[in-house]
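File shown: entry.txt. Contents: compact mmCIF, C-alpha atoms and all ligand atoms.
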```txt
# COMPACT_ATOMS: atom_id res chain seq x y z
CA MET A 1 -106.49 18.50 55.06
CA ARG A 2 -107.54 17.08 51.67
CA HIS A 3 -110.72 15.14 51.14
CA ILE A 4 -111.36 11.90 49.36
CA HIS A 5 -114.61 13.15 47.80
CA PRO A 6 -116.28 16.57 47.53
CA PHE A 7 -119.09 17.27 49.98
CA PRO A 8 -121.12 20.46 50.33
CA ALA A 9 -121.01 22.08 53.79
CA ARG A 10 -118.81 19.64 55.59
CA MET A 11 -117.78 20.38 59.13
CA ALA A 12 -114.65 22.52 59.48
CA PRO A 13 -111.75 20.14 60.21
CA GLU A 14 -110.39 22.36 62.98
CA ILE A 15 -113.69 22.15 64.87
CA ALA A 16 -113.82 18.37 64.55
CA LEU A 17 -110.16 18.07 65.51
CA ALA A 18 -110.41 20.39 68.52
CA HIS A 19 -113.29 18.39 69.97
CA VAL A 20 -111.79 15.01 69.21
CA ALA A 21 -108.46 16.09 70.77
CA GLU A 22 -110.13 16.62 74.15
CA LEU A 23 -111.37 13.03 74.41
CA ALA A 24 -109.80 9.98 76.03
CA PRO A 25 -107.98 7.79 73.46
CA ASP A 26 -110.43 4.87 73.58
CA SER A 27 -113.62 6.98 73.44
CA VAL A 28 -116.69 5.91 71.49
CA VAL A 29 -117.32 8.93 69.26
CA LEU A 30 -120.62 9.22 67.42
CA ASP A 31 -121.53 11.40 64.45
CA PRO A 32 -125.20 10.53 63.84
CA MET A 33 -125.21 12.58 60.58
CA SER A 34 -121.75 11.74 59.38
CA GLY A 35 -121.89 13.59 56.01
CA SER A 36 -118.39 13.90 54.55
CA GLY A 37 -117.01 11.92 57.48
CA MET A 38 -114.77 14.64 58.90
CA VAL A 39 -115.50 13.73 62.52
CA LEU A 40 -115.10 9.98 61.95
CA SER A 41 -111.87 10.50 60.05
CA GLN A 42 -110.32 12.55 62.87
CA ALA A 43 -111.44 10.06 65.52
CA SER A 44 -110.08 7.10 63.56
CA ARG A 45 -106.67 8.80 63.36
CA LYS A 46 -106.59 9.06 67.14
CA GLY A 47 -107.34 5.37 67.58
CA MET A 48 -110.82 6.02 69.01
CA LYS A 49 -113.98 4.06 68.28
CA PRO A 50 -115.84 6.13 65.68
CA ILE A 51 -119.46 5.32 64.82
CA GLY A 52 -121.41 7.09 62.07
CA PHE A 53 -124.91 7.11 60.61
CA ASP A 54 -126.34 8.92 57.61
CA LEU A 55 -129.55 8.59 55.61
CA ASP A 56 -127.80 9.53 52.38
CA PRO A 57 -126.14 6.38 50.95
CA LEU A 58 -123.35 8.42 49.37
CA ALA A 59 -122.54 10.20 52.65
CA LYS A 60 -122.52 6.82 54.37
CA LEU A 61 -120.12 5.44 51.78
CA ILE A 62 -117.74 8.43 51.78
CA SER A 63 -117.61 8.70 55.56
CA LYS A 64 -116.91 4.98 55.90
CA VAL A 65 -114.14 4.92 53.29
CA GLY A 66 -112.61 8.09 54.79
CA ALA A 67 -112.14 6.33 58.14
CA THR A 68 -111.09 2.84 57.03
CA ASN A 69 -107.53 1.60 56.73
CA VAL A 70 -106.59 0.05 53.37
CA ASN A 71 -103.46 -1.43 51.88
CA PRO A 72 -102.48 0.86 48.96
CA ASP A 73 -100.73 -1.92 47.02
CA LEU A 74 -103.74 -4.18 47.25
CA ILE A 75 -106.00 -1.32 46.19
CA ARG A 76 -103.84 -0.72 43.09
CA LYS A 77 -103.83 -4.41 42.25
CA ARG A 78 -107.61 -4.72 42.55
CA ALA A 79 -108.07 -1.47 40.61
CA ASN A 80 -106.15 -3.04 37.72
CA GLU A 81 -108.33 -6.13 37.85
CA LEU A 82 -111.48 -4.03 37.86
CA LEU A 83 -110.28 -1.90 34.95
CA HIS A 84 -109.48 -5.01 33.00
CA LYS A 85 -113.04 -6.24 33.41
CA VAL A 86 -114.51 -2.82 32.61
CA GLU A 87 -112.38 -2.48 29.47
CA ASN A 88 -113.37 -5.94 28.33
CA SER A 89 -117.05 -5.18 28.77
CA CYS A 90 -116.66 -1.86 26.91
CA GLU A 91 -114.63 -3.32 24.05
CA ARG A 92 -117.00 -6.20 23.48
CA GLY A 93 -119.59 -3.53 22.83
CA GLU A 94 -122.14 -5.69 24.62
CA SER A 95 -125.18 -3.94 25.94
CA ILE A 96 -125.13 -4.14 29.72
CA THR A 97 -128.47 -4.39 31.45
CA LEU A 98 -128.85 -2.78 34.86
CA ASP A 99 -132.25 -3.61 36.28
CA TRP A 100 -132.79 -0.55 38.47
CA ILE A 101 -132.19 1.67 35.41
CA ASP A 102 -133.64 -0.35 32.55
CA SER A 103 -136.88 -1.21 34.26
CA ASP A 104 -137.46 2.33 35.48
CA PRO A 105 -138.29 5.01 32.86
CA GLU A 106 -137.74 7.89 35.30
CA THR A 107 -134.20 6.79 36.18
CA SER A 108 -133.33 6.06 32.52
CA LYS A 109 -134.57 9.48 31.49
CA PHE A 110 -132.53 11.13 34.24
CA ILE A 111 -129.38 9.32 33.06
CA ASP A 112 -129.99 10.19 29.40
CA TYR A 113 -130.31 13.85 30.32
CA TRP A 114 -127.21 14.16 32.51
CA PHE A 115 -124.74 11.77 30.82
CA ALA A 116 -123.46 11.47 27.24
CA GLU A 117 -123.30 8.15 25.44
CA LYS A 118 -119.60 7.35 25.94
CA GLN A 119 -119.72 7.87 29.71
CA ARG A 120 -123.07 6.08 30.02
CA HIS A 121 -121.47 3.06 28.46
CA GLN A 122 -118.41 3.20 30.71
CA LEU A 123 -120.45 3.81 33.86
CA ARG A 124 -122.66 0.83 33.01
CA ALA A 125 -119.55 -1.34 32.91
CA PHE A 126 -118.33 0.01 36.28
CA ALA A 127 -121.81 -0.48 37.78
CA LEU A 128 -121.95 -4.04 36.45
CA HIS A 129 -118.67 -5.03 38.14
CA LEU A 130 -119.06 -2.96 41.31
CA ILE A 131 -122.80 -3.20 42.01
CA ALA A 132 -124.84 -5.63 39.90
CA THR A 133 -122.41 -8.59 39.99
CA PRO A 134 -119.47 -7.31 42.08
CA PHE A 135 -116.08 -8.77 41.19
CA THR A 136 -114.49 -10.94 43.87
CA THR A 137 -112.79 -8.78 46.46
CA SER A 138 -113.52 -7.45 49.94
CA ARG A 139 -116.36 -5.06 50.70
CA THR A 140 -113.77 -2.48 51.85
CA ILE A 141 -112.07 -2.50 48.45
CA LEU A 142 -115.36 -2.39 46.54
CA ASP A 143 -116.40 0.65 48.61
CA PHE A 144 -113.08 2.36 47.90
CA MET A 145 -113.57 1.81 44.14
CA LYS A 146 -117.14 3.15 44.26
CA VAL A 147 -115.87 6.39 45.79
CA ALA A 148 -113.12 6.56 43.13
CA VAL A 149 -115.82 6.49 40.42
CA SER A 150 -118.21 8.79 42.26
CA ARG A 151 -115.62 11.56 42.64
CA LEU A 152 -115.41 11.70 38.84
CA ILE A 153 -119.17 12.36 38.71
CA VAL A 154 -119.68 14.71 41.69
CA THR A 155 -117.44 17.51 40.45
CA LYS A 156 -117.27 21.26 40.08
CA GLU A 157 -116.57 21.22 36.33
CA PRO A 158 -118.09 18.55 34.07
CA LYS A 159 -116.10 15.31 34.09
CA ALA A 160 -118.09 12.08 33.85
CA SER A 161 -121.40 13.94 33.52
CA LEU A 162 -122.59 16.87 31.41
CA ALA A 163 -123.04 19.05 34.48
CA ARG A 164 -121.05 21.54 36.42
CA ASP A 165 -121.52 22.44 40.11
CA THR A 166 -122.61 18.92 41.02
CA ALA A 167 -120.19 19.07 43.96
CA HIS A 168 -122.11 22.09 45.26
CA SER A 169 -125.37 20.19 45.07
CA ARG A 170 -126.71 22.30 42.19
CA PRO A 171 -125.98 20.52 38.92
CA HIS A 172 -126.37 22.59 35.74
CA ARG A 173 -126.09 20.89 32.38
CA THR A 174 -123.51 23.03 30.59
CA ILE A 175 -122.29 20.76 27.78
CA LEU A 176 -124.00 18.35 25.38
CA GLN A 177 -120.99 16.36 24.19
CA ASN A 178 -118.29 14.84 26.32
CA ASP A 179 -114.96 13.15 25.58
CA PHE A 180 -114.00 12.51 29.19
CA ASP A 181 -112.58 9.02 29.61
CA ILE A 182 -113.58 7.51 32.97
CA VAL A 183 -111.54 4.37 32.35
CA GLU A 184 -108.40 6.42 31.71
CA GLU A 185 -108.97 8.70 34.70
CA PHE A 186 -109.77 5.93 37.15
CA HIS A 187 -106.13 5.29 38.16
CA ARG A 188 -105.55 8.95 38.83
CA SER A 189 -108.70 9.05 40.93
CA ILE A 190 -107.43 6.09 42.99
CA GLU A 191 -104.04 7.77 43.53
CA GLN A 192 -105.65 11.07 44.53
CA MET A 193 -107.80 9.25 47.05
CA LEU A 194 -104.85 7.40 48.52
CA SER A 195 -102.85 10.58 48.94
CA ALA A 196 -105.82 12.39 50.57
CA LEU A 197 -106.68 9.44 52.81
CA LYS A 198 -103.17 8.72 54.10
CA PRO A 199 -104.28 5.23 55.14
CA HIS A 200 -101.20 4.63 57.33
CA GLU A 201 -102.53 7.33 59.72
CA ILE A 202 -105.81 5.48 60.30
CA LEU A 203 -105.48 3.58 63.56
CA THR A 204 -109.03 2.26 63.95
CA ASN A 205 -111.80 1.70 61.41
CA ALA A 206 -115.11 3.50 61.80
CA LYS A 207 -118.39 1.61 61.91
CA VAL A 208 -120.81 3.43 59.63
CA TYR A 209 -124.44 2.57 59.00
CA LYS A 210 -127.24 3.79 56.85
CA GLY A 211 -129.59 5.08 59.49
CA ASP A 212 -131.64 7.85 61.01
CA ALA A 213 -130.15 10.11 63.67
CA ARG A 214 -133.59 10.33 65.25
CA GLN A 215 -133.71 6.59 65.93
CA LEU A 216 -130.40 4.90 66.53
CA SER A 217 -131.79 1.52 67.54
CA ARG A 218 -128.41 -0.17 66.99
CA LEU A 219 -126.95 1.78 69.91
CA GLU A 220 -127.58 0.94 73.52
CA ALA A 221 -128.49 3.61 76.05
CA GLY A 222 -125.44 5.20 77.68
CA SER A 223 -122.98 3.58 75.24
CA VAL A 224 -121.45 6.72 73.68
CA ASP A 225 -118.67 8.93 75.14
CA ALA A 226 -119.09 11.92 72.82
CA ILE A 227 -121.28 13.18 69.99
CA ILE A 228 -119.83 15.63 67.50
CA THR A 229 -122.07 16.51 64.59
CA SER A 230 -123.58 19.18 62.39
CA PRO A 231 -127.28 18.90 61.63
CA PRO A 232 -128.49 20.29 58.31
CA TYR A 233 -129.87 23.83 58.56
CA LEU A 234 -133.50 24.36 57.80
CA ASN A 235 -133.91 24.53 54.00
CA ALA A 236 -130.21 25.31 53.35
CA ILE A 237 -128.71 22.53 51.25
CA ASP A 238 -130.26 19.77 49.24
CA TYR A 239 -127.41 17.25 49.47
CA MET A 240 -129.24 14.69 47.40
CA ARG A 241 -129.55 16.90 44.33
CA GLY A 242 -125.86 16.46 43.49
CA HIS A 243 -125.49 13.00 45.02
CA LYS A 244 -128.30 11.57 42.87
CA MET A 245 -125.99 11.85 39.86
CA SER A 246 -123.68 9.32 41.41
CA LEU A 247 -126.22 7.18 43.28
CA VAL A 248 -128.16 6.26 40.12
CA TRP A 249 -125.02 4.26 39.21
CA MET A 250 -125.00 2.54 42.59
CA GLY A 251 -128.30 0.74 42.41
CA TYR A 252 -130.75 3.48 43.41
CA THR A 253 -133.75 4.70 41.44
CA ILE A 254 -134.75 8.35 41.38
CA ARG A 255 -137.92 7.44 43.30
CA GLU A 256 -135.92 5.81 46.10
CA LEU A 257 -133.65 8.82 46.33
CA ARG A 258 -136.63 11.17 46.45
CA GLU A 259 -138.03 9.19 49.38
CA ILE A 260 -134.72 9.40 51.26
CA ARG A 261 -134.58 13.12 50.61
CA ALA A 262 -138.09 13.60 52.00
CA THR A 263 -137.15 12.00 55.31
CA SER A 264 -133.95 14.02 55.77
CA ILE A 265 -133.77 16.66 58.47
CA GLY A 266 -133.92 20.17 57.03
CA SER A 267 -135.91 19.25 53.91
CA GLU A 268 -138.67 21.62 52.96
CA LYS A 269 -141.48 19.24 53.81
CA SER A 270 -144.01 20.74 56.12
CA MET A 271 -145.96 19.17 58.95
CA HIS A 272 -149.35 19.80 60.43
CA ILE A 273 -148.78 21.82 63.60
CA ARG A 274 -149.76 20.07 66.78
CA ASP A 275 -150.21 21.83 70.10
CA SER A 276 -146.81 22.80 71.45
CA GLU A 277 -146.46 25.62 73.94
CA GLU A 278 -142.66 25.51 73.64
CA PHE A 279 -142.79 25.95 69.87
CA ASP A 280 -145.34 28.78 70.10
CA GLU A 281 -143.28 30.63 72.70
CA LEU A 282 -140.10 30.31 70.66
CA HIS A 283 -141.85 31.32 67.48
CA ASP A 284 -143.09 34.52 69.12
CA ALA A 285 -139.89 35.28 71.03
CA LEU A 286 -137.82 34.99 67.83
CA GLY A 287 -140.18 37.31 65.94
CA LEU A 288 -141.23 34.79 63.30
CA ASN A 289 -144.73 36.10 62.76
CA GLU A 290 -143.94 37.14 59.19
CA LEU A 291 -143.66 33.51 58.08
CA THR A 292 -146.53 32.15 56.00
CA SER A 293 -148.45 29.22 57.43
CA ARG A 294 -146.64 26.80 55.12
CA GLN A 295 -143.27 28.17 56.22
CA THR A 296 -144.32 27.86 59.85
CA GLN A 297 -145.31 24.24 59.23
CA MET A 298 -141.92 23.62 57.67
CA LEU A 299 -140.24 25.16 60.69
CA PHE A 300 -142.42 23.06 62.97
CA ARG A 301 -141.28 19.90 61.27
CA TYR A 302 -137.65 21.00 61.66
CA TYR A 303 -138.30 21.63 65.34
CA ILE A 304 -139.84 18.17 65.80
CA ASP A 305 -136.84 16.65 63.99
CA LEU A 306 -134.38 18.50 66.23
CA LYS A 307 -136.31 17.33 69.23
CA ALA A 308 -136.10 13.68 68.13
CA LEU A 309 -132.41 14.15 67.31
CA THR A 310 -131.52 15.61 70.70
CA ALA A 311 -133.68 13.06 72.56
CA GLU A 312 -131.83 10.23 70.83
CA SER A 313 -128.48 11.90 71.60
CA ALA A 314 -129.48 12.14 75.27
CA ARG A 315 -130.45 8.45 75.28
CA VAL A 316 -127.21 7.08 73.79
CA LEU A 317 -124.76 9.32 75.70
CA ARG A 318 -123.36 8.11 79.00
CA SER A 319 -124.03 10.39 81.93
CA GLY A 320 -121.57 13.31 82.05
CA ALA A 321 -120.62 12.93 78.34
CA ASN A 322 -120.81 15.84 75.90
CA ALA A 323 -122.67 16.43 72.65
CA CYS A 324 -121.35 19.15 70.37
CA TYR A 325 -123.49 20.45 67.53
CA VAL A 326 -122.32 22.86 64.85
CA ILE A 327 -125.33 24.64 63.42
CA GLY A 328 -125.85 27.71 61.25
CA ASN A 329 -128.93 29.87 60.98
CA SER A 330 -131.28 30.09 57.98
CA ASN A 331 -133.19 32.62 55.99
CA ILE A 332 -136.66 31.81 54.78
CA LYS A 333 -137.36 34.50 52.20
CA ASP A 334 -136.80 37.69 54.22
CA THR A 335 -137.01 36.17 57.67
CA HIS A 336 -133.93 35.21 59.64
CA VAL A 337 -134.49 31.95 61.55
CA ARG A 338 -132.15 31.18 64.44
CA ASN A 339 -131.88 27.41 64.16
CA SER A 340 -129.46 27.50 67.10
CA GLU A 341 -132.22 28.72 69.44
CA PHE A 342 -134.49 25.88 68.36
CA LEU A 343 -131.69 23.40 68.96
CA LYS A 344 -131.01 24.77 72.45
CA SER A 345 -134.68 24.66 73.37
CA CYS A 346 -135.00 21.05 72.18
CA ALA A 347 -131.83 20.00 73.99
CA ARG A 348 -133.03 21.60 77.22
CA SER A 349 -136.38 19.85 77.00
CA VAL A 350 -134.72 16.41 76.71
CA GLY A 351 -132.42 17.04 79.68
CA LEU A 352 -129.18 18.06 77.95
CA LYS A 353 -127.44 20.84 79.89
CA LEU A 354 -125.90 23.72 77.92
CA VAL A 355 -122.19 23.99 78.77
CA ASP A 356 -120.73 26.15 76.02
CA GLU A 357 -121.69 28.20 72.97
CA GLN A 358 -119.28 29.82 70.54
CA VAL A 359 -120.23 31.79 67.47
CA ARG A 360 -117.84 32.06 64.56
CA GLU A 361 -117.82 33.45 61.05
CA ILE A 362 -118.08 30.81 58.35
CA PRO A 363 -114.90 31.18 56.24
CA ASN A 364 -115.47 32.17 52.60
CA ASN A 365 -114.21 28.90 51.17
CA ARG A 366 -116.68 26.85 53.20
CA ARG A 367 -119.70 29.01 52.65
CA TYR A 368 -122.46 27.61 50.60
CA MET A 369 -125.90 28.99 50.29
CA PRO A 370 -128.67 29.20 47.75
CA ILE A 371 -127.61 31.45 44.86
CA SER A 372 -130.29 34.05 45.50
CA LEU A 373 -128.80 34.67 48.94
CA ASN A 374 -125.22 34.74 47.81
CA LYS A 375 -125.17 38.45 47.15
CA GLU A 376 -124.08 41.05 49.64
CA ASN A 377 -127.10 41.88 51.71
CA SER A 378 -127.80 41.96 55.38
CA LEU A 379 -129.50 38.58 55.34
CA SER A 380 -126.63 36.74 53.72
CA LYS A 381 -124.24 38.44 56.14
CA ARG A 382 -126.27 37.19 59.06
CA MET A 383 -126.14 33.69 57.69
CA ARG A 384 -122.37 33.68 57.74
CA THR A 385 -122.03 32.61 61.32
CA GLU A 386 -122.22 29.19 62.79
CA HIS A 387 -122.84 28.25 66.40
CA ILE A 388 -120.78 25.58 68.09
CA ILE A 389 -122.91 24.45 71.00
CA SER A 390 -121.98 21.86 73.62
CA PHE A 391 -124.31 20.09 76.03
CA GLU A 392 -123.74 17.64 78.83
CA ALA A 393 -125.85 14.53 79.32
CA GLN A 394 -127.31 14.12 82.83
C1 LIG B 401 -124.16 19.19 57.53
S1 LIG B 401 -124.05 17.54 56.98
C2 LIG B 401 -123.03 16.75 58.14
C3 LIG B 401 -121.68 17.26 58.12
C4 LIG B 401 -120.70 16.30 58.75
N1 LIG B 401 -120.60 16.46 60.19
C5 LIG B 401 -119.37 16.50 58.08
O1 LIG B 401 -118.34 16.65 58.75
O2 LIG B 401 -119.37 16.47 56.86
C6 LIG B 401 -125.61 16.90 57.36
C7 LIG B 401 -125.81 15.42 57.04
O3 LIG B 401 -126.99 15.01 57.71
C8 LIG B 401 -127.58 13.98 56.95
N2 LIG B 401 -128.94 13.76 57.45
C9 LIG B 401 -130.05 14.52 57.27
N3 LIG B 401 -131.09 14.01 57.96
C10 LIG B 401 -130.62 12.89 58.59
C11 LIG B 401 -131.21 11.93 59.47
N4 LIG B 401 -132.49 12.02 59.82
N5 LIG B 401 -130.44 10.93 59.93
C12 LIG B 401 -129.13 10.82 59.58
N6 LIG B 401 -128.52 11.71 58.74
C13 LIG B 401 -129.25 12.72 58.26
C14 LIG B 401 -127.43 14.48 55.53
O4 LIG B 401 -127.54 13.40 54.62
C15 LIG B 401 -126.04 15.09 55.57
O5 LIG B 401 -125.07 14.16 55.16
```

Please, can you express the file's structure as structure tokens?
Amino acid sequence: MRHIHPFPARMAPEIALAHVAELAPDSVVLDPMSGSGMVLSQASRKGMKPIGFDLDPLAKLISKVGATNVNPDLIRKRANELLHKVENSCERGESITLDWIDSDPETSKFIDYWFAEKQRHQLRAFALHLIATPFTTSRTILDFMKVAVSRLIVTKEPKASLARDTAHSRPHRTILQNDFDIVEEFHRSIEQMLSALKPHEILTNAKVYKGDARQLSRLEAGSVDAIITSPPYLNAIDYMRGHKMSLVWMGYTIRELREIRATSIGSEKSMHIRDSEEFDELHDALGLNELTSRQTQMLFRYYIDLKALTAESARVLRSGANACYVIGNSNIKDTHVRNSEFLKSCARSVGLKLVDEQVREIPNNRRYMPISLNKENSLSKRMRTEHIISFEAQ
């Protein structure tokens, strides 16, 4: 299956598909951390009722567009109209003001570092017509166009930016000059998206919101038939590092993105440890005494996050419904941390009953881990498994 936009560590399609295939056709399927949108996309192709949430605005956008039916001819028509406006703005050579960039020195500096002049100019024109004063079309089409631009920024090799590896969440500036023409490439990007999306296969549109998996206040208790999701591992991937490059063109300042990052599950922020017998027992049983006090605080925060996540899952699921989590383990320096054990403990404490656990090797092409761990050693080998754990709501 091809994807409309790169995303580091997305859920394996076969896992999402296998779980979706077991559900009744009109099921309400929730992915509270929808990421690349793999789960929502599979559910929308089965005619189910997919609902997604993500804190990361780019994940929210990609997962929504990946599970929304569009008319390809209308998309092409609107793409032409947009390009016309962008070309006009570029040719007139007018300087385009974008408030969130021009009134914020940190965001301007970031853009000057990662983008060359030609692409800065073109991206300003796209941002003007897609974000600042959007041209007249539906929200669905605007969102589609935003993804078409973003996938030229979040790339493996430099395209719209000066960086490589942005798609792996670790941008490195590898060039200082850039001839890439975003305006010229835009049509191709639209066509690639349409052929990856296969809109005719999408039977129902997903509802996707910017929101926190730990507090899904939009959802009523007992309103969900299945949860399929993959929480971030502790300290494994900083999704926002690559996504920032695109989101600064979508109305966000670097400061806003930093704040979102700090509230994400799995970030390296620590937390003052409160009394928790469960945490202490687990910490000892898993042999984590080698961790420094800061690392233990970080782990504690992750544990509290998982607890809030599972409690909210238990609240929104109808009785007898299943929640499936795909979670890998982490290494903090030399210590192996079994995130899966923390998840199981949290789920148990909020009344979710363990019904199945499978462990599988993470295939090479999906593996992503910090560079220092990428070499062949026993730790990186241990990190190559992921646990697929299912619980039943009482
Ligand atoms: C491993 S990815 C999800 C993968 C997804 N199931 C897929 O198929 O691509 C984890 C996602 O969790 C999101 N996330 C982290 N903390 C969150 C929170 N508190 N609420 C909602 N989403 C969160 C991240 O932004 C990221 O997109």

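Distance check against Ile227 in chain A using only C-alpha atoms: of A:Val316, A:Cys346, A:Leu82, A:Cys90, the minimum falls on A:Val316.
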
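Distances to Val20 in chain A were evaluated for A:Asn322, A:Ser34, A:Gln215, A:Asn329 using all atoms listed in the file, and the minimum falls at A:Asn322.
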
For ligand LIG 401 (chain B), collect every residue having any atom at a distance of at most 9 Å from a ligand atom (counting all atoms listed in the file); output as a VMD selection string.
-> chain A and resid 7 to 13 16 31 to 40 52 to 60 63 210 to 216 228 to 233 237 to 240 260 to 261 263 to 267 305 309 325 to 327

Got a sec: who's within 8 Å of Ala206 in chain A, counting all atoms listed in the file, leaving out chain neighbours fewer than 3 positions off, as a VMD selection string?
-> chain A and resid 40 to 41 44 49 to 52 64 67 to 68

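Counting only C-alpha atoms and comparing A:Ile111, A:Leu83, A:Ile101, A:Ala43, the residue that lies closest to Leu130 in chain A is A:Leu83.
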
Contact residues around range 162-171 of chain A with all atoms listed in the file at 10 Å, ignoring same-chain residues under 4 positions, as an MDAnalysis selection string | chainID A and resid 5:9 113:116 119 151 153:158 175:178 180 237:246 368:371

Gln295 in chain A: which residues within 8 Å, counting only C-alpha atoms, same-chain residues fewer than 3 positions away excluded, as a ChimeraX atom specification?
-> /A:270,291-292,298-299,332

Separation of CA of Val70 in chain A from CA of Ala125 in chain A in Å | 24.3 Å

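Picture a line from CA of Arg315 in chain A to CA of Val29 in chain A; it runs 14.5 Å.
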
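Across A:Ser108, A:Ser138, A:Asn205, A:Gln394, the tightest approach to Ala323 in chain A is made by A:Gln394 when counting only C-alpha atoms.
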
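Computed from the coordinates, the CA of Glu106 in chain A to CA of Ser89 in chain A distance equals 25.3 Å.
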
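Here the question is which of A:Arg384, A:Lys333, A:Ile389, A:Arg301 gets nearest to Asp356 in chain A using only C-alpha atoms, and that residue is A:Ile389.
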
Contacts of range 183-187 of chain A within 12 Å, all atoms listed in the file, excl. fewer than 3 positions in-chain, as number ranges by chain = A: 75-91, 118-126, 144-153, 159-160, 179-180, 190-194

To test the calculation: enclose all listed atoms of range 328-332 of chain A in a box whose edges run along x, y and z, add 4 Å on each side, then state centre and edge lengths in Å to one decimal, as JSON.
```
{"center_x": -131.3, "center_y": 30.2, "center_z": 58.0, "size_x": 18.8, "size_y": 12.9, "size_z": 14.5}
```

Have a look at A:Pro25, A:Gly287, A:Gly47, A:Gly351 and name the one nearest to Ser313 in chain A; count all atoms listed in the file.
-> A:Gly351

For a cut-off of 12 Å around (-128.8, -6.3, 31.2), file coordinates, pick out all residues using all atoms listed in the file and list them as a ChimeraX atom specification.
-> /A:94-103,124-125,127-128,132-133

Output requested as a PDB file, keeping the file's coordinate frame - range 319-330 of chain A, filled out with N, CA and C atoms.
```pdb
ATOM      1  N   SER A 319    -123.845   9.226  81.069  1.00  0.00           N
ATOM      2  CA  SER A 319    -124.030  10.390  81.930  1.00  0.00           C
ATOM      3  C   SER A 319    -122.709  11.157  82.074  1.00  0.00           C
ATOM      4  N   GLY A 320    -122.766  12.481  81.938  1.00  0.00           N
ATOM      5  CA  GLY A 320    -121.570  13.310  82.050  1.00  0.00           C
ATOM      6  C   GLY A 320    -120.849  13.513  80.717  1.00  0.00           C
ATOM      7  N   ALA A 321    -121.275  12.784  79.654  1.00  0.00           N
ATOM      8  CA  ALA A 321    -120.620  12.930  78.340  1.00  0.00           C
ATOM      9  C   ALA A 321    -121.186  14.146  77.599  1.00  0.00           C
ATOM     10  N   ASN A 322    -120.407  14.617  76.617  1.00  0.00           N
ATOM     11  CA  ASN A 322    -120.810  15.840  75.900  1.00  0.00           C
ATOM     12  C   ASN A 322    -121.304  15.581  74.488  1.00  0.00           C
ATOM     13  N   ALA A 323    -122.246  16.421  74.059  1.00  0.00           N
ATOM     14  CA  ALA A 323    -122.670  16.430  72.650  1.00  0.00           C
ATOM     15  C   ALA A 323    -122.369  17.812  72.101  1.00  0.00           C
ATOM     16  N   CYS A 324    -121.651  17.854  70.983  1.00  0.00           N
ATOM     17  CA  CYS A 324    -121.350  19.150  70.370  1.00  0.00           C
ATOM     18  C   CYS A 324    -122.023  19.224  69.006  1.00  0.00           C
ATOM     19  N   TYR A 325    -122.803  20.257  68.810  1.00  0.00           N
ATOM     20  CA  TYR A 325    -123.490  20.450  67.530  1.00  0.00           C
ATOM     21  C   TYR A 325    -122.982  21.736  66.884  1.00  0.00           C
ATOM     22  N   VAL A 326    -122.694  21.656  65.602  1.00  0.00           N
ATOM     23  CA  VAL A 326    -122.320  22.860  64.850  1.00  0.00           C
ATOM     24  C   VAL A 326    -123.514  23.183  63.960  1.00  0.00           C
ATOM     25  N   ILE A 327    -124.103  24.342  64.169  1.00  0.00           N
ATOM     26  CA  ILE A 327    -125.330  24.640  63.420  1.00  0.00           C
ATOM     27  C   ILE A 327    -125.353  26.104  62.986  1.00  0.00           C
ATOM     28  N   GLY A 328    -125.738  26.337  61.753  1.00  0.00           N
ATOM     29  CA  GLY A 328    -125.850  27.710  61.250  1.00  0.00           C
ATOM     30  C   GLY A 328    -127.314  28.133  61.300  1.00  0.00           C
ATOM     31  N   ASN A 329    -127.551  29.382  61.020  1.00  0.00           N
ATOM     32  CA  ASN A 329    -128.930  29.870  60.980  1.00  0.00           C
ATOM     33  C   ASN A 329    -129.416  29.930  59.538  1.00  0.00           C
ATOM     34  N   SER A 330    -130.717  30.125  59.346  1.00  0.00           N
ATOM     35  CA  SER A 330    -131.280  30.090  57.980  1.00  0.00           C
ATOM     36  C   SER A 330    -132.052  31.354  57.679  1.00  0.00           C
TER      37      SER A 330
END
```
